[in-house]
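Okay, structure first, notes after.
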Amino acid sequence: MSTVSSIPGTVHRRGLPIVRLSVAVAGVIAALFAVDMSLEKTEQGELAAQALRADRNGESLLAQGRAPDAVDAFRKAHALERENVKYELDLIQALMAAGKLQEAQPLMTDILEEQSNDGEANLIAARLAAKEGHIVAADSYYHRAIYGGWPNNVAQHQIQTRLELIEFLTQRGKQNEILAELLPLQEQVAKNAGLQPEVARLFLIAGSPGRAADVFHQLIRAQPKDFTNYAGLGEAELALGDFRAAHNAFANALARNSKNPTLKERLEFANLLSNLDPTVRWLSAQDKYSRTVQILQMASTDLTQCLTNHPQSGNDATTQLLSKAQTALSSSPPKQQVNEVAESNLNLAQQIWRTRVSACGSGAAPDEEALPLIMDKLAQ
């Protein structure tokens with residue numbers, strides 16, 4: 001009986017070392033796991049630090065214009081931290097700068113699959129599409145960037161992205177598209193005096209000098225001592241064909257910055273146009289005729305120069321036009337029906353100008369700037 005009763009105690013005493021051993025083993029395992037986790041965190045921290053250093057090195061190299069070296073640095077950062085989108089975007093931009101567009105494209109596609117609404121990603125995609133010559137795609141990505149997600153300073157990012165889009169459109173002569181972007185931009189920067197002059201300048205490029213003039217008038221009311229606002233208004237008035245108003249604007253600009261040679265030149269130019277404009281109501285018939293002769297001579301000379309540079313554009317019709325102009329220019333001033341002859345000169349000058357534009361485009365050298373402005377005024 002005593003032997004049997006002693007068995008549970010014996011089992012209990014034998015079980016204690018096993019439990020203690022189990023606890024000890026569990027403790028060792030936990031300690032090893034903690035050490036392993038600590039080592040892993042340390043290693044991850046070291047890798048993150050290496051990736052950050054590589055990325056910053058890439059930024060420095062790219063700023064120095066060393067795009068191929070920057071690609072290597074950014075590639076290292078991306079390899080160390082595959083999940084870091086910034087490093088991948090930096091790599092894409094370096095590849096673009098290095099001219100490796102085909103290598104950049106699949107990386108860009110991968111990012112957009114995961115970050116389709118990300119503002120920065122779409123902005124870089126727009127730049128890549130532009131470099132590849134994909135105009136429609138670039139325009140689409142720019143708009144996605146404008147209305148996409150930005151972590152902070154949303155309005156500022158939208159404004160800068162829209163300005164970049166407008167510059168992209170400007171380089172391609174897309175006037176209607178530029179104006180469509182300027183209208184919402186004007187609302188966004190309505191209280192930003194620093195950007196208003198740029199908006200006005202862009203309105204001029206977009207072929208909307210009236211809106212440009214309105215912006216410059218607002219700036220003049222707010223900053224009446226700033227000569228640049230009057231100079232901008234002068235350019236807008238020139239484009240509008242109001243040469244006397246342009247003269248007054250440039251005179252006001254020069255009064256506020258009397259030593260500026262460019263303002264002096266623009267004032268003289270506005271004065272030239274004012275003295276050449278045949279549409280002024282108070283002109284006498286003889287003065288109008290005299291001005292139309294000058295305009296016809298300018299148009300004839302301009303077309304002749306155009307055909308000299310582009311002889312393939314000449315034909316019998318252009319030869320007849322120039323011959324007709326020469327006859328009119330060599331004729332004696334009329335004593336009667338002066339206004340009718342003046343109008344005939346203007347009609348002939350406009351025909352010559354249209355022929356010139358068809359053959360050589362509407363661009364003009366700086367010393368020939370007056371003729372396109374006069375022709376625009378006559379077409380109004």
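Residues in the structure tokens are named by chain (A, B, ... in the order shown) and by number from 1 within that chain; ligands are numbered from 1 in the order shown.
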Counting only C-alpha atoms, what are the residues of region 196-258 of chain A within 10 Å of region 269-282 of chain A, and for each of them which pair of atoms is the nearest and at what distance in Å, to one decimal? Sort the table by chain and rising number, as JSON lines.
{"residue": "A:Gly234", "atom": "CA", "partner": "A:Ala270", "partner_atom": "CA", "distance": 8.4}
{"residue": "A:Glu235", "atom": "CA", "partner": "A:Ala270", "partner_atom": "CA", "distance": 9.3}
{"residue": "A:Glu237", "atom": "CA", "partner": "A:Ala270", "partner_atom": "CA", "distance": 9.5}
{"residue": "A:Leu238", "atom": "CA", "partner": "A:Ala270", "partner_atom": "CA", "distance": 7.4}
{"residue": "A:Gly241", "atom": "CA", "partner": "A:Asp277", "partner_atom": "CA", "distance": 9.1}
{"residue": "A:Asp242", "atom": "CA", "partner": "A:Ser274", "partner_atom": "CA", "distance": 8.5}
{"residue": "A:Phe243", "atom": "CA", "partner": "A:Ser274", "partner_atom": "CA", "distance": 5.3}
{"residue": "A:Arg244", "atom": "CA", "partner": "A:Ser274", "partner_atom": "CA", "distance": 5.9}
{"residue": "A:Ala245", "atom": "CA", "partner": "A:Ala270", "partner_atom": "CA", "distance": 8.8}
{"residue": "A:Ala246", "atom": "CA", "partner": "A:Ala270", "partner_atom": "CA", "distance": 6.2}
{"residue": "A:His247", "atom": "CA", "partner": "A:Ala270", "partner_atom": "CA", "distance": 5.1}
{"residue": "A:Asn248", "atom": "CA", "partner": "A:Ala270", "partner_atom": "CA", "distance": 8.9}
{"residue": "A:Ala249", "atom": "CA", "partner": "A:Ala270", "partner_atom": "CA", "distance": 9.6}
{"residue": "A:Phe250", "atom": "CA", "partner": "A:Ala270", "partner_atom": "CA", "distance": 8.0}
{"residue": "A:Ala251", "atom": "CA", "partner": "A:Ala270", "partner_atom": "CA", "distance": 9.7}
Quick one: write out the picked residues with C-alpha atoms as a compact mmCIF listing (two decimals), in the first residue's frame?
# COMPACT_ATOMS: atom_id res chain seq x y z
CA GLY A 234 2.05 97.66 -74.54
CA GLU A 235 2.65 94.24 -76.11
CA GLU A 237 -2.15 96.58 -77.26
CA LEU A 238 0.17 95.95 -80.21
CA GLY A 241 -3.93 96.62 -83.19
CA ASP A 242 -4.35 99.67 -80.95
CA PHE A 243 -0.97 101.18 -81.74
CA ARG A 244 -1.60 104.53 -80.04
CA ALA A 245 -2.57 102.77 -76.82
CA ALA A 246 0.57 100.65 -77.15
CA HIS A 247 2.62 103.84 -77.56
CA ASN A 248 1.11 105.28 -74.38
CA ALA A 249 1.77 102.06 -72.46
CA PHE A 250 5.42 101.91 -73.52
CA ALA A 251 5.81 105.61 -72.72
Contacts of Leu346 (chain A) within 9 Å, only C-alpha atoms, excl. fewer than 6 positions in-chain, as a list of chain:residue names: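 With the cut-off at 9 Å, the set is A:Pro278, A:Thr292, A:Val293, A:Ile295, A:Leu296, A:Leu378.
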Contact residues around Ile146 (chain A) with only C-alpha atoms at 7 Å, ignoring same-chain residues under 5 positions, as a VMD selection string: chain A and resid 119 158 161 to 162
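For the choices A:Pro151, A:Asp72, A:Arg82, A:Glu132, the atom-to-atom distance to Gly99 (chain A) is smallest for A:Glu132 when using only C-alpha atoms.
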If you count only C-alpha atoms, which residues fall within 9 Å of Gly210 (chain A), apart from same-chain ones fewer than 5 positions away, as a PDB file with N, CA, C and O atoms, in the first residue's frame?
ATOM      1  N   PHE A 203      -1.536  84.335 -72.280  1.00  0.00           N
ATOM      2  CA  PHE A 203      -2.721  84.729 -73.041  1.00  0.00           C
ATOM      3  C   PHE A 203      -2.316  85.325 -74.392  1.00  0.00           C
ATOM      4  O   PHE A 203      -2.984  85.104 -75.406  1.00  0.00           O
ATOM      5  N   LEU A 204      -1.209  86.064 -74.406  1.00  0.00           N
ATOM      6  CA  LEU A 204      -0.709  86.615 -75.668  1.00  0.00           C
ATOM      7  C   LEU A 204      -0.309  85.490 -76.615  1.00  0.00           C
ATOM      8  O   LEU A 204      -0.631  85.514 -77.807  1.00  0.00           O
ATOM      9  N   VAL A 215      -5.615  91.519 -67.736  1.00  0.00           N
ATOM     10  CA  VAL A 215      -4.764  91.138 -66.602  1.00  0.00           C
ATOM     11  C   VAL A 215      -3.753  92.239 -66.297  1.00  0.00           C
ATOM     12  O   VAL A 215      -3.537  92.598 -65.137  1.00  0.00           O
ATOM     13  N   ALA A 236       0.373  93.754 -75.411  1.00  0.00           N
ATOM     14  CA  ALA A 236      -1.017  93.326 -75.637  1.00  0.00           C
ATOM     15  C   ALA A 236      -1.735  94.287 -76.577  1.00  0.00           C
ATOM     16  O   ALA A 236      -2.473  93.859 -77.473  1.00  0.00           O
ATOM     17  N   GLU A 237      -1.501  95.589 -76.402  1.00  0.00           N
ATOM     18  CA  GLU A 237      -2.152  96.580 -77.265  1.00  0.00           C
ATOM     19  C   GLU A 237      -1.639  96.479 -78.699  1.00  0.00           C
ATOM     20  O   GLU A 237      -2.397  96.679 -79.659  1.00  0.00           O
ATOM     21  N   ALA A 239      -0.743  93.698 -80.161  1.00  0.00           N
ATOM     22  CA  ALA A 239      -1.431  92.536 -80.725  1.00  0.00           C
ATOM     23  C   ALA A 239      -2.892  92.841 -81.022  1.00  0.00           C
ATOM     24  O   ALA A 239      -3.480  92.280 -81.961  1.00  0.00           O
ATOM     25  N   LEU A 240      -3.485  93.751 -80.250  1.00  0.00           N
ATOM     26  CA  LEU A 240      -4.876  94.139 -80.479  1.00  0.00           C
ATOM     27  C   LEU A 240      -5.009  95.109 -81.645  1.00  0.00           C
ATOM     28  O   LEU A 240      -6.114  95.351 -82.128  1.00  0.00           O
TER      29      LEU A 240
END
Compare A:Ile92, A:Ile352, A:Ala121, A:Ala145 by their minimum atom-to-atom distance to Ser323 (chain A), counting only C-alpha atoms, and give me the closest one.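 So, comparing all the options, the nearest one is A:Ile352.
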Could you jot down the CA of Arg256 (chain A) to CA of Asp226 (chain A) separation for me, Å, one decimal place? 7.4 Å
All helix (DSSP H, G or I) residues (DSSP, backbone) inside region 184-316 of chain A, as a tab-separated table (two decimals) with C-alpha atoms, in the first residue's frame:
chain	number	residue	atom	x	y	z
A	184	PRO	CA	-9.01	77.55	-65.14
A	185	LEU	CA	-5.43	78.57	-64.33
A	186	GLN	CA	-6.44	82.22	-64.25
A	187	GLU	CA	-9.03	81.43	-61.60
A	188	GLN	CA	-6.51	79.48	-59.51
A	196	GLN	CA	-0.38	87.00	-63.00
A	197	PRO	CA	2.23	88.44	-65.43
A	198	GLU	CA	3.04	84.91	-66.62
A	199	VAL	CA	-0.66	84.21	-67.18
A	200	ALA	CA	-0.97	87.43	-69.18
A	201	ARG	CA	2.08	86.51	-71.29
A	202	LEU	CA	0.55	83.11	-71.99
A	203	PHE	CA	-2.72	84.73	-73.04
A	204	LEU	CA	-0.71	86.62	-75.67
A	205	ILE	CA	0.83	83.36	-76.90
A	209	PRO	CA	-4.47	89.72	-76.28
A	210	GLY	CA	-7.73	91.12	-74.91
A	211	ARG	CA	-7.54	88.85	-71.87
A	212	ALA	CA	-3.83	89.67	-71.52
A	213	ALA	CA	-4.62	93.39	-71.53
A	214	ASP	CA	-7.29	92.89	-68.85
A	215	VAL	CA	-4.76	91.14	-66.60
A	216	PHE	CA	-2.15	93.87	-67.11
A	217	HIS	CA	-4.71	96.57	-66.33
A	218	GLN	CA	-5.47	94.80	-63.04
A	219	LEU	CA	-1.76	94.58	-62.24
A	220	ILE	CA	-1.26	98.27	-63.02
A	221	ARG	CA	-4.05	99.20	-60.62
A	222	ALA	CA	-2.42	97.06	-57.92
A	227	PHE	CA	7.18	99.32	-65.35
A	228	THR	CA	6.93	95.66	-66.44
A	229	ASN	CA	3.12	95.82	-66.21
A	230	TYR	CA	3.01	98.79	-68.60
A	231	ALA	CA	5.45	97.04	-70.94
A	232	GLY	CA	3.24	93.94	-70.94
A	233	LEU	CA	0.19	96.08	-71.63
A	234	GLY	CA	2.05	97.66	-74.54
A	235	GLU	CA	2.65	94.24	-76.11
A	236	ALA	CA	-1.02	93.33	-75.64
A	237	GLU	CA	-2.15	96.58	-77.26
A	238	LEU	CA	0.17	95.95	-80.21
A	239	ALA	CA	-1.43	92.54	-80.72
A	240	LEU	CA	-4.88	94.14	-80.48
A	243	PHE	CA	-0.97	101.18	-81.74
A	244	ARG	CA	-1.60	104.53	-80.04
A	245	ALA	CA	-2.57	102.77	-76.82
A	246	ALA	CA	0.57	100.65	-77.15
A	247	HIS	CA	2.62	103.84	-77.56
A	248	ASN	CA	1.11	105.28	-74.38
A	249	ALA	CA	1.77	102.06	-72.46
A	250	PHE	CA	5.42	101.91	-73.52
A	251	ALA	CA	5.81	105.61	-72.72
A	252	ASN	CA	4.51	104.94	-69.21
A	253	ALA	CA	6.89	102.01	-68.85
A	254	LEU	CA	9.84	104.13	-70.00
A	255	ALA	CA	8.85	106.91	-67.58
A	256	ARG	CA	9.31	104.40	-64.77
A	261	PRO	CA	17.00	100.26	-74.04
A	262	THR	CA	14.38	97.63	-74.86
A	263	LEU	CA	11.58	99.94	-73.76
A	264	LYS	CA	12.99	102.70	-75.96
A	265	GLU	CA	12.98	100.34	-78.94
A	266	ARG	CA	9.42	99.20	-78.28
A	267	LEU	CA	8.25	102.80	-77.90
A	268	GLU	CA	9.84	103.68	-81.25
A	269	PHE	CA	8.27	100.61	-82.81
A	270	ALA	CA	4.81	101.54	-81.52
A	271	ASN	CA	5.36	105.03	-82.92
A	272	LEU	CA	6.30	103.53	-86.31
A	273	LEU	CA	3.09	101.50	-86.39
A	274	SER	CA	1.01	104.51	-85.35
A	275	ASN	CA	2.46	106.47	-88.27
A	276	LEU	CA	1.85	103.53	-90.62
A	285	ALA	CA	-7.04	111.00	-98.09
A	286	GLN	CA	-3.51	111.86	-99.16
A	287	ASP	CA	-2.02	110.66	-95.87
A	288	LYS	CA	-3.96	107.41	-96.12
A	289	TYR	CA	-2.75	106.89	-99.67
A	290	SER	CA	0.85	107.55	-98.64
A	291	ARG	CA	0.62	104.97	-95.88
A	292	THR	CA	-0.90	102.36	-98.19
A	293	VAL	CA	2.02	102.82	-100.58
A	294	GLN	CA	4.45	102.08	-97.75
A	295	ILE	CA	2.47	98.99	-96.74
A	296	LEU	CA	2.29	97.73	-100.32
A	297	GLN	CA	6.04	98.22	-100.69
A	298	MET	CA	6.68	96.29	-97.46
A	299	ALA	CA	4.43	93.43	-98.53
A	300	SER	CA	5.97	93.25	-101.98
A	301	THR	CA	9.52	93.25	-100.59
A	302	ASP	CA	8.58	90.60	-98.05
A	303	LEU	CA	7.09	88.25	-100.67
A	304	THR	CA	10.11	88.75	-102.92
A	305	GLN	CA	12.41	87.76	-100.06
A	306	CYS	CA	10.19	84.76	-99.31
A	307	LEU	CA	10.45	83.53	-102.91
A	308	THR	CA	14.20	84.06	-102.90
A	309	ASN	CA	14.47	81.74	-99.91
A	311	PRO	CA	11.99	79.46	-105.04
A	312	GLN	CA	9.86	76.33	-105.34
A	313	SER	CA	6.91	78.33	-103.98
A	316	ASP	CA	2.68	82.53	-112.44
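A straight line drawn from CA of Ile374 (chain A) to CA of Gly173 (chain A) is 22.0 Å long.
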